[in-house]
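Asker: This one is start-v3.cif, mmCIF, C-alpha atoms.
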data_protein
#
loop_
_atom_site.label_atom_id
_atom_site.label_comp_id
_atom_site.auth_asym_id
_atom_site.auth_seq_id
_atom_site.Cartn_x
_atom_site.Cartn_y
_atom_site.Cartn_z
CA MET A 1 -79.32 -136.87 278.91
CA ARG A 2 -78.71 -140.51 279.89
CA ILE A 3 -76.50 -139.46 282.80
CA SER A 4 -79.18 -137.07 284.09
CA LEU A 5 -81.83 -139.79 283.87
CA PHE A 6 -79.60 -142.18 285.78
CA CYS A 7 -79.01 -139.62 288.52
CA ILE A 8 -82.76 -138.94 288.88
CA LEU A 9 -83.46 -142.68 289.07
CA ALA A 10 -80.70 -143.21 291.61
CA ALA A 11 -82.01 -140.34 293.78
CA SER A 12 -85.52 -141.74 293.59
CA ILE A 13 -84.37 -145.17 294.71
CA MET A 14 -82.47 -143.65 297.63
CA THR A 15 -85.66 -141.84 298.71
CA ILE A 16 -87.67 -145.04 298.49
CA SER A 17 -85.08 -146.99 300.46
CA CYS A 18 -85.09 -144.41 303.25
CA SER A 19 -88.88 -144.37 303.60
CA SER A 20 -89.62 -148.06 303.30
CA CYS A 21 -88.33 -151.31 304.71
CA SER A 22 -89.22 -153.31 301.58
CA PRO A 23 -86.42 -154.51 299.21
CA ILE A 24 -85.19 -152.12 296.53
CA GLU A 25 -86.54 -153.01 293.11
CA ASP A 26 -84.08 -154.06 290.43
CA LEU A 27 -82.91 -150.90 288.65
CA ARG A 28 -83.69 -152.32 285.21
CA ASP A 29 -87.30 -153.12 286.25
CA PHE A 30 -87.70 -149.74 287.95
CA SER A 31 -86.41 -147.68 285.04
CA GLY A 32 -87.65 -149.75 282.13
CA THR A 33 -84.46 -148.68 280.40
CA ASP A 34 -81.50 -150.76 279.19
CA LEU A 35 -78.46 -149.37 281.01
CA PHE A 36 -76.03 -152.16 280.17
CA PRO A 37 -73.52 -152.12 277.28
CA PRO A 38 -73.31 -154.97 274.78
CA VAL A 39 -70.93 -157.86 275.36
CA ILE A 40 -68.76 -159.48 272.70
CA GLU A 41 -69.15 -163.26 272.84
CA GLY A 42 -66.75 -164.44 270.18
CA ILE A 43 -64.68 -163.75 267.11
CA SER A 44 -63.86 -166.23 264.37
CA PRO A 45 -62.49 -166.26 260.82
CA ILE A 46 -64.91 -167.05 257.99
CA ASN A 47 -62.45 -167.17 255.10
CA GLU A 48 -59.21 -165.53 253.99
CA ARG A 49 -60.87 -162.09 253.77
CA SER A 50 -63.65 -162.11 256.38
CA ILE A 51 -64.18 -162.47 260.12
CA SER A 52 -67.32 -162.65 262.25
CA LEU A 53 -67.86 -160.90 265.58
CA GLN A 54 -70.69 -162.18 267.78
CA PHE A 55 -72.42 -160.07 270.46
CA ASN A 56 -75.13 -160.75 273.03
CA GLU A 57 -77.57 -158.27 271.45
CA ASN A 58 -78.13 -156.24 268.31
CA ILE A 59 -75.39 -153.65 267.87
CA ASN A 60 -74.30 -150.79 265.61
CA ILE A 61 -70.86 -149.56 264.64
CA ASP A 62 -70.27 -146.14 263.09
CA SER A 63 -66.57 -146.15 262.23
CA ALA A 64 -64.23 -148.80 260.87
CA PRO A 65 -62.29 -150.71 263.53
CA ILE A 66 -58.53 -150.56 263.85
CA ILE A 67 -56.76 -153.82 263.06
CA THR A 68 -53.09 -154.49 263.72
CA PRO A 69 -51.20 -155.39 261.60
CA ALA A 70 -53.06 -153.42 258.94
CA VAL A 71 -55.37 -155.35 256.61
CA GLY A 72 -56.21 -152.71 253.99
CA GLU A 73 -59.73 -151.45 253.30
CA ILE A 74 -62.51 -152.78 255.55
CA THR A 75 -66.22 -153.05 254.73
CA ILE A 76 -68.81 -153.92 257.39
CA GLU A 77 -72.00 -156.00 257.20
CA ASN A 78 -74.29 -155.49 260.18
CA LYS A 79 -76.40 -158.58 260.82
CA GLY A 80 -78.05 -157.71 264.11
CA SER A 81 -75.97 -159.31 266.84
CA ASN A 82 -73.27 -160.24 264.30
CA LEU A 83 -70.76 -158.03 262.52
CA ILE A 84 -69.07 -159.36 259.40
CA LEU A 85 -65.84 -157.57 258.51
CA ASN A 86 -64.60 -157.99 254.93
CA PHE A 87 -61.04 -157.06 253.95
CA SER A 88 -59.66 -155.89 250.62
CA SER A 89 -56.77 -158.36 250.80
CA ASN A 90 -56.20 -161.82 252.22
CA LEU A 91 -55.22 -162.25 255.87
CA ASN A 92 -52.07 -164.28 256.45
CA ALA A 93 -52.93 -167.77 257.68
CA GLY A 94 -52.18 -168.13 261.37
CA THR A 95 -51.00 -164.53 261.81
CA HIS A 96 -51.92 -162.95 265.15
CA TYR A 97 -54.10 -159.87 264.61
CA VAL A 98 -55.70 -157.49 267.13
CA ILE A 99 -58.98 -155.66 266.51
CA GLU A 100 -59.98 -152.50 268.38
CA ALA A 101 -63.46 -151.04 267.95
CA THR A 102 -66.39 -149.33 269.65
CA VAL A 103 -69.98 -150.56 269.26
CA GLU A 104 -73.28 -149.54 270.78
CA ASP A 105 -76.63 -151.25 271.30
CA GLU A 106 -80.09 -149.99 270.36
CA SER A 107 -80.28 -148.01 273.63
CA ARG A 108 -77.00 -146.33 272.71
CA ASN A 109 -75.00 -148.01 275.47
CA SER A 110 -71.48 -148.21 274.06
CA MET A 111 -68.64 -150.64 274.60
CA LYS A 112 -65.02 -150.36 273.46
CA PHE A 113 -63.11 -153.62 273.09
CA MET A 114 -59.77 -155.01 271.96
CA MET A 115 -59.47 -158.69 271.01
CA PRO A 116 -57.02 -160.98 269.22
CA PHE A 117 -57.84 -163.24 266.29
CA TYR A 118 -55.90 -165.32 263.76
CA GLY A 119 -55.80 -165.33 259.99
CA TYR A 120 -57.95 -168.01 258.37
CA ASN A 121 -56.24 -171.28 257.51
CA SER A 122 -57.86 -172.94 254.49
CA ASN A 123 -55.39 -175.85 254.51
CA ILE A 124 -55.67 -177.46 257.95
CA PRO A 125 -53.96 -180.87 258.01
CA ASN A 126 -55.60 -184.07 259.16
CA ILE A 127 -53.72 -184.57 262.42
CA LEU A 128 -53.92 -186.67 265.59
CA ILE A 129 -52.52 -186.56 269.11
CA ASN A 130 -50.21 -189.59 268.96
CA GLU A 131 -48.11 -189.85 272.15
CA PHE A 132 -47.55 -187.92 275.38
CA THR A 133 -45.98 -187.98 278.83
CA THR A 134 -47.43 -186.39 281.96
CA GLN A 135 -44.90 -187.67 284.51
CA GLY A 136 -41.90 -185.86 283.11
CA SER A 137 -38.50 -185.59 284.75
CA ALA A 138 -35.75 -182.96 284.65
CA LYS A 139 -34.12 -184.56 281.60
CA HIS A 140 -37.35 -185.79 280.01
CA PRO A 141 -39.97 -183.04 280.52
CA ASP A 142 -43.60 -183.45 279.46
CA VAL A 143 -44.09 -183.73 275.69
CA VAL A 144 -47.09 -184.11 273.37
CA GLU A 145 -46.55 -185.63 269.93
CA LEU A 146 -48.83 -185.02 266.96
CA LEU A 147 -48.87 -187.23 263.87
CA VAL A 148 -49.89 -185.78 260.49
CA GLN A 149 -52.30 -188.04 258.59
CA GLU A 150 -52.77 -185.70 255.64
CA GLY A 151 -50.65 -182.68 254.80
CA GLY A 152 -51.50 -179.00 255.18
CA ASN A 153 -50.45 -175.94 257.14
CA LEU A 154 -50.29 -175.73 260.94
CA ALA A 155 -50.99 -171.96 260.94
CA GLY A 156 -53.23 -171.01 263.86
CA LEU A 157 -53.81 -174.53 265.22
CA PHE A 158 -54.26 -174.34 268.97
CA LEU A 159 -52.96 -177.07 271.32
CA VAL A 160 -54.27 -176.79 274.87
CA GLU A 161 -53.64 -178.43 278.19
CA GLY A 162 -57.27 -178.29 279.28
CA THR A 163 -60.12 -177.25 276.97
CA THR A 164 -61.01 -174.03 275.22
CA ASP A 165 -62.94 -172.92 278.34
CA TYR A 166 -60.33 -174.13 280.85
CA ILE A 167 -56.86 -173.35 279.52
CA GLU A 168 -53.88 -174.28 281.68
CA ASP A 169 -51.10 -173.98 279.08
CA SER A 170 -51.39 -173.61 275.32
CA PHE A 171 -49.49 -173.26 272.06
CA THR A 172 -50.67 -171.54 268.85
CA PHE A 173 -48.80 -172.79 265.82
CA PRO A 174 -47.11 -170.45 263.37
CA SER A 175 -47.39 -171.00 259.63
CA CYS A 176 -45.65 -174.27 258.80
CA GLU A 177 -46.24 -176.68 255.92
CA VAL A 178 -46.41 -180.36 256.95
CA SER A 179 -46.82 -183.64 255.09
CA ALA A 180 -48.42 -186.99 255.86
CA GLY A 181 -46.23 -188.97 258.25
CA ASP A 182 -44.62 -185.93 259.87
CA PHE A 183 -44.15 -185.95 263.65
CA ILE A 184 -44.60 -182.75 265.65
CA LEU A 185 -43.36 -182.44 269.23
CA ILE A 186 -44.72 -179.81 271.60
CA HIS A 187 -42.59 -179.46 274.72
CA PHE A 188 -44.79 -178.36 277.62
CA LYS A 189 -42.04 -177.67 280.15
CA PRO A 190 -39.11 -175.97 278.40
CA LYS A 191 -36.06 -174.67 280.22
CA GLY A 192 -36.25 -171.29 278.51
CA ILE A 193 -32.85 -171.63 276.86
CA ALA A 194 -31.80 -170.25 273.48
CA GLU A 195 -31.43 -173.74 272.00
CA GLU A 196 -35.20 -174.32 272.26
CA ILE A 197 -36.11 -173.19 268.75
CA ASP A 198 -39.45 -173.66 266.98
CA GLU A 199 -38.80 -175.57 263.77
CA THR A 200 -40.94 -174.21 260.93
CA THR A 201 -38.66 -175.05 258.01
CA SER A 202 -37.42 -178.34 256.57
CA GLU A 203 -34.40 -178.23 258.90
CA LEU A 204 -35.31 -180.48 261.84
CA SER A 205 -32.03 -180.42 263.77
CA ILE A 206 -31.78 -176.75 264.75
CA SER A 207 -33.52 -177.23 268.12
CA GLU A 208 -31.35 -178.72 270.87
CA GLY A 209 -33.41 -178.59 274.06
CA PHE A 210 -34.18 -181.65 276.19
CA ASP A 211 -35.79 -184.41 274.11
CA ALA A 212 -35.58 -182.36 270.92
CA SER A 213 -35.74 -184.68 267.92
CA ASP A 214 -33.95 -184.64 264.58
CA THR A 215 -36.84 -186.61 263.07
CA ALA A 216 -39.69 -184.35 264.21
CA ARG A 217 -40.56 -180.67 264.29
CA ASP A 218 -39.97 -179.28 267.78
CA PHE A 219 -42.09 -176.51 269.29
CA TRP A 220 -41.84 -175.07 272.80
CA VAL A 221 -44.61 -173.75 275.07
CA GLU A 222 -43.20 -170.46 276.32
CA GLY A 223 -43.40 -170.38 280.13
CA GLY A 224 -45.02 -173.82 280.16
CA ASN A 225 -45.31 -175.57 283.52
CA GLY A 226 -45.82 -179.10 282.25
CA LEU A 227 -48.96 -181.20 282.03
CA GLY A 228 -51.08 -182.23 284.99
CA GLY A 229 -49.59 -185.50 286.24
CA ASN A 230 -52.64 -187.67 286.91
CA ASN A 231 -55.76 -185.84 285.73
CA GLY A 232 -56.23 -183.71 282.65
CA THR A 233 -57.21 -183.18 279.07
CA ILE A 234 -55.22 -182.34 275.96
CA CYS A 235 -57.11 -180.73 273.09
CA LEU A 236 -56.18 -179.63 269.58
CA TYR A 237 -58.36 -176.95 267.95
CA SER A 238 -58.45 -175.48 264.44
CA PHE A 239 -57.77 -172.06 266.01
CA PRO A 240 -58.29 -170.47 269.44
CA GLY A 241 -62.02 -170.88 270.04
CA GLY A 242 -62.36 -173.01 266.90
CA GLU A 243 -63.44 -176.56 266.10
CA LEU A 244 -62.01 -179.48 268.10
CA ILE A 245 -59.72 -181.64 265.94
CA ASP A 246 -58.59 -184.25 268.48
CA ALA A 247 -58.53 -184.73 272.24
CA VAL A 248 -57.37 -186.96 275.08
CA LEU A 249 -58.82 -187.49 278.56
CA TYR A 250 -56.66 -189.06 281.28
CA SER A 251 -57.29 -189.71 284.97
CA ASN A 252 -56.22 -192.07 287.75
CA ARG A 253 -59.43 -191.52 289.70
CA THR A 254 -62.63 -193.59 289.89
CA SER A 255 -66.32 -192.82 290.15
CA SER A 256 -66.13 -193.53 293.87
CA SER A 257 -63.28 -191.06 294.46
CA ASP A 258 -65.88 -188.42 295.31
CA GLU A 259 -69.62 -187.84 294.98
CA LYS A 260 -69.68 -184.12 294.31
CA TYR A 261 -67.63 -184.15 291.10
CA SER A 262 -68.60 -187.54 289.61
CA GLY A 263 -65.24 -188.85 290.80
CA PHE A 264 -63.15 -186.28 288.89
CA GLY A 265 -62.04 -184.46 292.03
CA SER A 266 -62.90 -180.85 291.12
CA THR A 267 -65.47 -178.73 289.33
CA LYS A 268 -62.86 -177.75 286.74
CA MET A 269 -61.91 -181.32 285.87
CA LEU A 270 -65.57 -182.40 285.73
CA ASN A 271 -66.37 -179.52 283.38
CA LYS A 272 -63.39 -180.36 281.18
CA SER A 273 -64.72 -183.90 280.78
CA ILE A 274 -68.20 -182.58 279.96
CA GLN A 275 -66.87 -180.18 277.35
CA ILE A 276 -64.58 -182.71 275.72
CA GLN A 277 -67.53 -185.10 275.36
CA GLU A 278 -69.94 -182.45 274.09
CA GLU A 279 -67.42 -181.46 271.42
CA GLY A 280 -67.10 -185.08 270.26
CA GLY A 281 -63.53 -185.51 271.47
CA TRP A 282 -63.97 -188.43 273.87
CA ASN A 283 -66.47 -191.29 274.23
CA SER A 284 -67.67 -193.37 277.15
CA LEU A 285 -66.75 -197.05 277.34
CA SER A 286 -70.04 -197.86 279.08
CA ASP A 287 -73.70 -197.20 278.51
CA ASN A 288 -73.56 -194.14 280.76
CA LEU A 289 -74.45 -190.88 279.06
CA LYS A 290 -71.80 -188.95 280.98
CA LEU A 291 -68.09 -189.67 281.09
CA SER A 292 -66.65 -191.14 284.27
CA PRO A 293 -62.99 -191.33 285.33
CA GLU A 294 -63.00 -194.99 284.27
CA ASP A 295 -63.52 -193.83 280.67
CA ALA A 296 -60.20 -191.98 280.74
CA ILE A 297 -56.68 -193.29 280.11
CA ASN A 298 -55.18 -194.18 283.48
CA PRO A 299 -51.67 -192.63 283.52
CA GLU A 300 -50.62 -194.12 286.86
CA ASP A 301 -48.12 -196.63 285.42
CA SER A 302 -46.55 -194.09 283.06
CA THR A 303 -43.24 -192.35 283.75
CA ALA A 304 -40.96 -189.90 281.98
CA THR A 305 -39.86 -192.71 279.63
CA ARG A 306 -42.97 -194.93 279.81
CA SER A 307 -45.09 -192.80 277.52
CA ILE A 308 -48.80 -193.02 276.79
CA CYS A 309 -49.08 -193.76 273.08
CA ARG A 310 -51.71 -194.46 270.46
CA THR A 311 -51.64 -198.17 269.62
CA PRO A 312 -50.33 -198.65 266.05
CA GLY A 313 -53.10 -199.78 263.72
CA ALA A 314 -55.86 -199.22 266.27
CA ALA A 315 -59.06 -197.55 265.11
CA ASP A 316 -59.53 -193.97 266.24
CA THR A 317 -62.54 -194.41 268.55
CA ASN A 318 -61.86 -191.35 270.74
CA SER A 319 -61.62 -193.58 273.77
CA ALA A 320 -59.07 -195.16 276.11
CA THR A 321 -59.07 -198.36 274.02
CA ASP A 322 -56.96 -196.55 271.39
CA TRP A 323 -54.05 -196.14 273.81
CA HIS A 324 -51.51 -198.04 275.90
CA ILE A 325 -48.50 -197.35 278.16
CA THR A 326 -45.13 -198.33 276.74
CA PRO A 327 -42.46 -200.31 278.62
CA THR A 328 -39.68 -198.42 280.42
CA SER A 329 -37.66 -196.42 277.87
CA GLY A 330 -40.33 -197.25 275.31
CA TYR A 331 -41.17 -193.65 274.51
CA SER A 332 -40.73 -193.02 270.79
CA PHE A 333 -41.09 -189.29 270.15
CA GLY A 334 -40.24 -188.59 266.53
CA TYR A 335 -40.59 -192.26 265.54
CA ASN A 336 -43.37 -194.80 265.01
CA ASN A 337 -45.05 -195.90 268.22
CA THR A 338 -44.18 -199.25 269.72
CA GLU A 339 -46.76 -202.00 270.09
CA GLU A 340 -45.10 -203.18 273.31
CA ILE A 341 -47.22 -202.67 276.42
CA TYR A 342 -45.99 -202.09 279.96
CA VAL A 343 -46.85 -204.98 282.29
CA PRO A 344 -46.54 -204.17 286.03
CA LYS A 345 -44.47 -206.67 287.98
#
Produce structure tokens that represent the structure in this file.

Answerer:
Amino acid sequence: MRISLFCILAASIMTISCSSCSPIEDLRDFSGTDLFPPVIEGISPINERSISLQFNENINIDSAPIITPAVGEITIENKGSNLILNFSSNLNAGTHYVIEATVEDESRNSMKFMMPFYGYNSNIPNILINEFTTQGSAKHPDVVELLVQEGGNLAGLFLVEGTTDYIEDSFTFPSCEVSAGDFILIHFKPKGIAEEIDETTSELSISEGFDASDTARDFWVEGGNGLGGNNGTICLYSFPGGELIDAVLYSNRTSSSDEKYSGFGSTKMLNKSIQIQEEGGWNSLSDNLKLSPEDAINPEDSTATRSICRTPGAADTNSATDWHITPTSGYSFGYNNTEEIYVPK
């Protein structure tokens, strides 16, 4: 019936277009009928046994979705534009699941989708981005170090070069218990060799890639191309699409570098700075409401061994004042950061 109606409407519009020089009316206005399927806008864990799916309009679902790996019995709560799925058993924290389902809106337009999600992690550690390099070399590729402030499980945590809306490279952590004081190294430009092993147990010496540490847990971004050298953001989220835990903004540009992008050089970089500020990850050093490149850490004096590190003992103000560039060979991945500051000659 809906196909026949569409064909009649389409034929009518063609007749109108042939007999008149005026613009064709929008099909939705002409028909008065919703012809567009619903759109899924997000999926997020609620607790160990529930997830929420968000749509752009009220939807219905007739049959239980398929979830891989299997999660047991599923019950569904329909809350208009939200679906709450409840499971008979706990999801595994940080495990990668895929949901496949078909929904339809109130006009019976249907949409089939397949999306990933991660098991809920109820024990997220208190954790900070602590040190990083963006000017890596062949023997010292780009690395980001995290420092655990309070213990928990890394399962599902999502480290991104970029932001959740502008992902360049990323790493989703497997289940791994960590304690206060632990260092975690994420290597953003691995060589792809067998020795690059993710360390999820208490054994910290099994990974032997470049700059692997025996005093930190090493993780490797598969296919990673390294961090942007002079302009970028690094963000840590509770899960893909989840809450921002910590972030860094760096740039060697100034407000006068360009007019169109507030000095950031591109629409993408400008939007990254806007998002990182809106999510509470980075603050301006001036009275300006919007971030400028001058609010970022300037990485220009850093090198593969002159890392950008959080100043020991400094307050966490989510600003460039928390950070400094170390002297040559001052990088300290897997160890406490140095207080020494690089001074250009």

Asker: Pull out every residue that the PyMOL selection byres ((chain A and resi 330) around 9) matches in the shown coordinates and put them as a list of chain:residue names.

Answerer: A:Thr305, A:Arg306, A:Ser307, A:Ile325, A:Thr326, A:Pro327, A:Thr328, A:Ser329, A:Tyr331, A:Ser332, A:Asn337, A:Thr338, A:Glu340, A:Ile341, A:Tyr342

Asker: Give me, as a list in words, all polymer residues having an atom no more than 9 Å from Pro299 in chain A, counting only C-alpha atoms and skipping those fewer than 5 positions away in the same chain.

Answerer: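 What passes the distance filter is Thr133, Thr134, Gln135, Gly229, Asn230, Asn231, Tyr250, Ser251, Asn252, Ser307, Ile308 and Ile325 of chain A.
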
Asker: Quick one: of A:Asp211, A:Glu222, A:Asp198, A:Asp182, who's nearest to Asn130 in chain A, counting only C-alpha atoms?

Answerer: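 Going through A:Asp211, A:Glu222, A:Asp198, A:Asp182 one by one, the smallest distance to Asn130 in chain A is for A:Asp182.
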
Asker: Considering all atoms listed in the file, return as a list in words whatever protein or nucleic-acid residues lie within 7 Å of Trp323 in chain A, sequence-local ones (same chain, fewer than 5 positions apart) excluded.

Answerer: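 Counting all atoms listed in the file, the residues come to Ile308, Cys309, Arg310 and Thr311 of chain A.
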
Asker: Rounded to one decimal place, report the CA of Gly80 in chain A-CA of Ile61 in chain A distance in Å.

Answerer: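 If I compute the distance from CA of Gly80 in chain A to CA of Ile61 in chain A, I get 10.9 Å.
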
Asker: Determine the residue set returned by the PyMOL selection byres ((chain A and resi 236) around 9) for the present structure, and present it as a list in words.

Answerer: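 Checking the PyMOL selection byres ((chain A and resi 236) around 9) against this file, the residues are Leu128, Ile129, Leu157, Phe158, Leu159, Val160, Thr163, Ile234, Cys235, Tyr237, Ser238, Phe239, Glu243, Leu244, Ile245, Asp246 and Ala247 of chain A.
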
Asker: Write out, as a tab-separated table, each residue of range 77-183 of chain A that has an atom at most 8 Å from range 270-286 of chain A, together with the closest pair of atoms and their distance in Å to one decimal, counting only C-alpha atoms, rows going by chain and rising number.

Answerer:
residue	atom	partner	partner_atom	distance
A:Gly162	CA	A:Lys272	CA	6.7
A:Thr163	CA	A:Lys272	CA	6.2
A:Asp165	CA	A:Lys272	CA	8.0
A:Tyr166	CA	A:Lys272	CA	6.9

Asker: So what does the PyMOL selection byres ((chain A and resi 100-103) around 8) actually pick up in this one, as a compact mmCIF listing (two decimals) with C-alpha atoms, keeping the file's coordinate frame?

Answerer:
# COMPACT_ATOMS: atom_id res chain seq x y z
CA PRO A 38 -73.31 -154.97 274.78
CA ILE A 59 -75.39 -153.65 267.87
CA ASN A 60 -74.30 -150.79 265.61
CA ILE A 61 -70.86 -149.56 264.64
CA ASP A 62 -70.27 -146.14 263.09
CA ALA A 64 -64.23 -148.80 260.87
CA PRO A 65 -62.29 -150.71 263.53
CA ILE A 66 -58.53 -150.56 263.85
CA ILE A 67 -56.76 -153.82 263.06
CA VAL A 98 -55.70 -157.49 267.13
CA ILE A 99 -58.98 -155.66 266.51
CA GLU A 104 -73.28 -149.54 270.78
CA ASP A 105 -76.63 -151.25 271.30
CA SER A 110 -71.48 -148.21 274.06
CA MET A 111 -68.64 -150.64 274.60
CA LYS A 112 -65.02 -150.36 273.46
CA PHE A 113 -63.11 -153.62 273.09
CA MET A 114 -59.77 -155.01 271.96
CA MET A 115 -59.47 -158.69 271.01

Asker: Of the candidates A:Ser179, A:Ser266, A:Ser292, A:Ser50, which shows the shortest atom-to-atom distance to Ile74 in chain A, using all atoms listed in the file?

Answerer: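 That would be A:Ser50, the residue with the smallest distance to Ile74 in chain A.
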
Asker: Kindly provide the residues of range 170-237 of chain A that approach range 146-153 of chain A to within 6 Å, each paired with its closest atom pair and their distance in Å to one decimal, based on all atoms listed in the file, listed by chain and increasing number, as a tab-separated table.

Answerer:
residue	atom	partner	partner_atom	distance
A:Cys176	CA	A:Asn153	CA	5.3
A:Glu177	CA	A:Asn153	CA	4.4
A:Val178	CA	A:Gly151	CA	5.3
A:Ser179	CA	A:Gly151	CA	4.0
A:Ala180	CA	A:Glu150	CA	4.5
A:Gly181	CA	A:Val148	CA	5.3
A:Asp182	CA	A:Val148	CA	5.3
A:Phe183	CA	A:Leu147	CA	4.9
A:Ile184	CA	A:Leu146	CA	5.0
